[in-house]
Amino acid sequence: TSGLEVVATPIGHLGDLSPRAAEALARADAVACEDTRRTGRLMEHIGAHPPLVSLHEHNERDRIPALVSRLEAGENLALVSDAGTPLVSDPGFRLVRAAREAGIRVTPIPGPSALLAALMGAGIPSDRFCFEGFLPAKAGARRQRLDGLAREARTLVFFEAPHRIEACLADLVEILGGDRPATLARELTKRHETFLGPDLAGVAAAVTADPDQRRGEMVLVVGGAPPPDPDALDEATCRLVTRLAAELP
Ligand code: SAM
């Protein structure tokens, strides 16, 4: 079987590496990965030693032609990211697109993903959700993005970095309101796995009170905007009603 296998790897607990994922990594002629040292440790764990090729955000475009040539020559390549599911806030979609364009078979081998693990533990409606990835790092751009999401009815899922979580939560409380249901999922599948809730105000207070709650890897799940009150009138309708009322005898 030649082609490109896109392989999900653990987000913490090594027991989450599926047998199928381990087989794909062991039989690959080469494994494209973000960080060869990090993936090297995973390969050590499964006792396989295929060559590792670095493929990250900054070199993905340059690496594609050589990788596609290898695939066209009949090699079997695997693509992984540092942790979790490749292409989810991680590199890879350009390689997958190039492989598809070249008529190469692409096989996803699904598995751990911080996005889905957070939803699995949050207890917030998950039938429809928007994955927003990382919010912009700068306050102005972040607030603008949140303004655009304030009326979104679907559950929102964000990745966030520990050094920005406090500022991010403060903006969320201000723009979406502290009573929005929210769960901060930290260190999923690891020893210090923690879920904080039950709403944005509660998560913000917990994170501010305890520096430990700002450490590690984290995903924030926020409930969608409540449906608009059917009895509430929008501004234009209010103005119209006021004008009409003034005409009444
Ligand atoms: N592709 C990965 C996935 O599917 O899980 C996500 C990659 S993204 C660059 C890394 C972010 O995912 C982290 O900053 C954090 O927000 C989240 N993350 C990864 N592992 C996590 C974990 N064990 N617990 C909580 N969040 C995690």
# chains A, B, ... in the order shown; residues from 1 in each chain; ligands from 1
$ residues_near_ligand --ligand "ligand 1" --cutoff "6 Å" --atoms "only C-alpha atoms and all ligand atoms" --output "list in words"
Ile11, Gly12, Ala83, Gly84, Thr85, Pro86, Val88, Ser89, Asp90, Ser113, Ala114, Leu115, Phe159, Glu160, Ala161, Ala185, Arg186, Glu187, Leu188, Thr189, Glu217, Met218 and Val219 of chain A
$ write_last_selection --atoms "N, CA and C atoms" --output "PDB file, in the first residue's frame"
ATOM      1  N   ILE A  11      -2.330  13.062  22.613  1.00  0.00           N
ATOM      2  CA  ILE A  11      -2.213  14.442  23.107  1.00  0.00           C
ATOM      3  C   ILE A  11      -1.691  14.435  24.539  1.00  0.00           C
ATOM      4  N   GLY A  12      -1.209  13.318  25.006  1.00  0.00           N
ATOM      5  CA  GLY A  12      -0.688  13.204  26.364  1.00  0.00           C
ATOM      6  C   GLY A  12      -0.491  11.732  26.706  1.00  0.00           C
ATOM      7  N   ALA A  83       1.318  16.583  18.282  1.00  0.00           N
ATOM      8  CA  ALA A  83       0.375  15.840  19.120  1.00  0.00           C
ATOM      9  C   ALA A  83      -1.007  15.974  18.517  1.00  0.00           C
ATOM     10  N   GLY A  84      -1.804  14.943  18.643  1.00  0.00           N
ATOM     11  CA  GLY A  84      -3.187  15.014  18.189  1.00  0.00           C
ATOM     12  C   GLY A  84      -3.341  14.805  16.697  1.00  0.00           C
ATOM     13  N   THR A  85      -4.336  15.465  16.153  1.00  0.00           N
ATOM     14  CA  THR A  85      -4.731  15.238  14.773  1.00  0.00           C
ATOM     15  C   THR A  85      -4.074  16.254  13.847  1.00  0.00           C
ATOM     16  N   PRO A  86      -3.266  15.785  12.884  1.00  0.00           N
ATOM     17  CA  PRO A  86      -2.653  16.717  11.934  1.00  0.00           C
ATOM     18  C   PRO A  86      -3.743  17.530  11.224  1.00  0.00           C
ATOM     19  N   VAL A  88      -5.398  20.000  12.208  1.00  0.00           N
ATOM     20  CA  VAL A  88      -6.280  20.742  13.119  1.00  0.00           C
ATOM     21  C   VAL A  88      -5.399  21.744  13.875  1.00  0.00           C
ATOM     22  N   SER A  89      -5.410  23.006  13.438  1.00  0.00           N
ATOM     23  CA  SER A  89      -4.448  24.010  13.938  1.00  0.00           C
ATOM     24  C   SER A  89      -3.025  23.462  13.851  1.00  0.00           C
ATOM     25  N   ASP A  90      -2.751  22.699  12.860  1.00  0.00           N
ATOM     26  CA  ASP A  90      -1.435  22.097  12.634  1.00  0.00           C
ATOM     27  C   ASP A  90      -1.199  22.008  11.128  1.00  0.00           C
ATOM     28  N   SER A 113      -7.638  14.061  19.546  1.00  0.00           N
ATOM     29  CA  SER A 113      -7.680  15.461  19.151  1.00  0.00           C
ATOM     30  C   SER A 113      -8.122  16.261  20.365  1.00  0.00           C
ATOM     31  N   ALA A 114      -7.364  17.290  20.713  1.00  0.00           N
ATOM     32  CA  ALA A 114      -7.708  18.095  21.893  1.00  0.00           C
ATOM     33  C   ALA A 114      -9.081  18.730  21.714  1.00  0.00           C
ATOM     34  N   LEU A 115      -9.397  19.115  20.490  1.00  0.00           N
ATOM     35  CA  LEU A 115     -10.689  19.739  20.210  1.00  0.00           C
ATOM     36  C   LEU A 115     -11.827  18.811  20.632  1.00  0.00           C
ATOM     37  N   PHE A 159      -8.583  27.112  21.106  1.00  0.00           N
ATOM     38  CA  PHE A 159      -7.302  26.734  21.714  1.00  0.00           C
ATOM     39  C   PHE A 159      -6.732  28.016  22.326  1.00  0.00           C
ATOM     40  N   GLU A 160      -6.059  27.910  23.458  1.00  0.00           N
ATOM     41  CA  GLU A 160      -5.422  29.114  23.997  1.00  0.00           C
ATOM     42  C   GLU A 160      -4.101  28.761  24.663  1.00  0.00           C
ATOM     43  N   ALA A 161      -3.185  29.725  24.627  1.00  0.00           N
ATOM     44  CA  ALA A 161      -1.878  29.542  25.252  1.00  0.00           C
ATOM     45  C   ALA A 161      -1.961  29.988  26.707  1.00  0.00           C
ATOM     46  N   ALA A 185     -10.806  23.110  29.577  1.00  0.00           N
ATOM     47  CA  ALA A 185     -10.268  21.750  29.687  1.00  0.00           C
ATOM     48  C   ALA A 185      -8.752  21.835  29.618  1.00  0.00           C
ATOM     49  N   ARG A 186      -8.096  21.474  30.732  1.00  0.00           N
ATOM     50  CA  ARG A 186      -6.633  21.593  30.805  1.00  0.00           C
ATOM     51  C   ARG A 186      -5.979  20.224  30.857  1.00  0.00           C
ATOM     52  N   GLU A 187      -4.822  20.107  30.187  1.00  0.00           N
ATOM     53  CA  GLU A 187      -3.975  18.918  30.315  1.00  0.00           C
ATOM     54  C   GLU A 187      -4.752  17.621  30.061  1.00  0.00           C
ATOM     55  N   LEU A 188      -5.534  17.638  29.016  1.00  0.00           N
ATOM     56  CA  LEU A 188      -6.370  16.481  28.673  1.00  0.00           C
ATOM     57  C   LEU A 188      -5.532  15.222  28.520  1.00  0.00           C
ATOM     58  N   THR A 189      -6.031  14.150  29.059  1.00  0.00           N
ATOM     59  CA  THR A 189      -5.437  12.801  29.044  1.00  0.00           C
ATOM     60  C   THR A 189      -4.137  12.699  29.851  1.00  0.00           C
ATOM     61  N   GLU A 217      -1.533  22.814  28.757  1.00  0.00           N
ATOM     62  CA  GLU A 217      -2.250  22.989  27.493  1.00  0.00           C
ATOM     63  C   GLU A 217      -3.735  23.102  27.791  1.00  0.00           C
ATOM     64  N   MET A 218      -4.424  23.921  27.012  1.00  0.00           N
ATOM     65  CA  MET A 218      -5.837  24.154  27.355  1.00  0.00           C
ATOM     66  C   MET A 218      -6.725  24.428  26.154  1.00  0.00           C
ATOM     67  N   VAL A 219      -7.968  23.994  26.312  1.00  0.00           N
ATOM     68  CA  VAL A 219      -9.011  24.230  25.305  1.00  0.00           C
ATOM     69  C   VAL A 219     -10.196  24.844  26.033  1.00  0.00           C
TER      70      VAL A 219
END
$ residues_around --residues "A:Leu169" --least-positions-apart "3" --cutoff "9 Å" --atoms "only C-alpha atoms" --output "list in words"
Arg164, Ile165, Glu166, Leu172, Val173, Glu174, Leu200, Ala201, Val203, Ala204 and Val207 of chain A
$ atom_distance --atom1 "atom CA of A:Ala26" --atom2 "atom CA of A:Ala118"
29.0 Å
$ residues_around --residues "stretch 127-143 of chain A" --least-positions-apart "5" --cutoff "6 Å" --atoms "only C-alpha atoms" --output "VMD selection string"
chain A and resid 154 to 160
$ residues_around --residues "stretch 38-46 of chain A" --least-positions-apart "3" --cutoff "9 Å" --atoms "only C-alpha atoms" --output "JSON, numbers by chain"
{"A": [9, 14, 22, 25, 26, 31, 33, 34, 35, 49, 50, 52, 80, 81, 82, 83]}
$ write_last_selection --atoms "C-alpha atoms" --output "PDB file, in the first residue's frame"
ATOM      1  CA  THR A   9      -1.006  10.659  17.717  1.00  0.00           C
ATOM      2  CA  LEU A  14       0.517   7.246  25.086  1.00  0.00           C
ATOM      3  CA  ALA A  22       1.286   2.441  15.300  1.00  0.00           C
ATOM      4  CA  LEU A  25       4.094   4.638  11.515  1.00  0.00           C
ATOM      5  CA  ALA A  26       6.058   1.396  11.655  1.00  0.00           C
ATOM      6  CA  VAL A  31       7.425  10.063   8.590  1.00  0.00           C
ATOM      7  CA  CYS A  33       6.612  15.526  11.390  1.00  0.00           C
ATOM      8  CA  GLU A  34       6.796  18.984  12.951  1.00  0.00           C
ATOM      9  CA  ASP A  35       9.575  18.250  15.417  1.00  0.00           C
ATOM     10  CA  HIS A  49      12.783   3.779  13.284  1.00  0.00           C
ATOM     11  CA  PRO A  50      11.782   5.098   9.862  1.00  0.00           C
ATOM     12  CA  LEU A  52      11.895  11.454   9.987  1.00  0.00           C
ATOM     13  CA  VAL A  80       1.976  13.369  11.973  1.00  0.00           C
ATOM     14  CA  SER A  81       1.967  16.573  14.031  1.00  0.00           C
ATOM     15  CA  ASP A  82       3.519  17.157  17.457  1.00  0.00           C
ATOM     16  CA  ALA A  83       0.375  15.840  19.120  1.00  0.00           C
TER      17      ALA A  83
END
$ atom_distance --atom1 "atom CA of A:Arg27" --atom2 "atom CA of A:Asn76"
7.8 Å
$ select_by_dssp --residues "stretch 5-241 of chain A" --states "helix (DSSP H, G or I)" --output "MDAnalysis selection string"
chainID A and resid 14:16 19:27 36:46 60:72 93:101 114:122 139:149 162:176 200:209 211:214 235:241
$ atom_distance --atom1 "atom CA of A:Pro108" --atom2 "atom CA of A:Leu79"
9.5 Å
$ residues_around --residues "A:Pro226" --least-positions-apart "5" --cutoff "12 Å" --atoms "only C-alpha atoms" --output "PyMOL selection string"
chain A and resi 125+150-155+176-177+179-181
$ closest_residue --among "A:Ala32, A:Leu220, A:Ala182, A:Leu240" --to "A:Leu55" --atoms "only C-alpha atoms"
A:Ala32
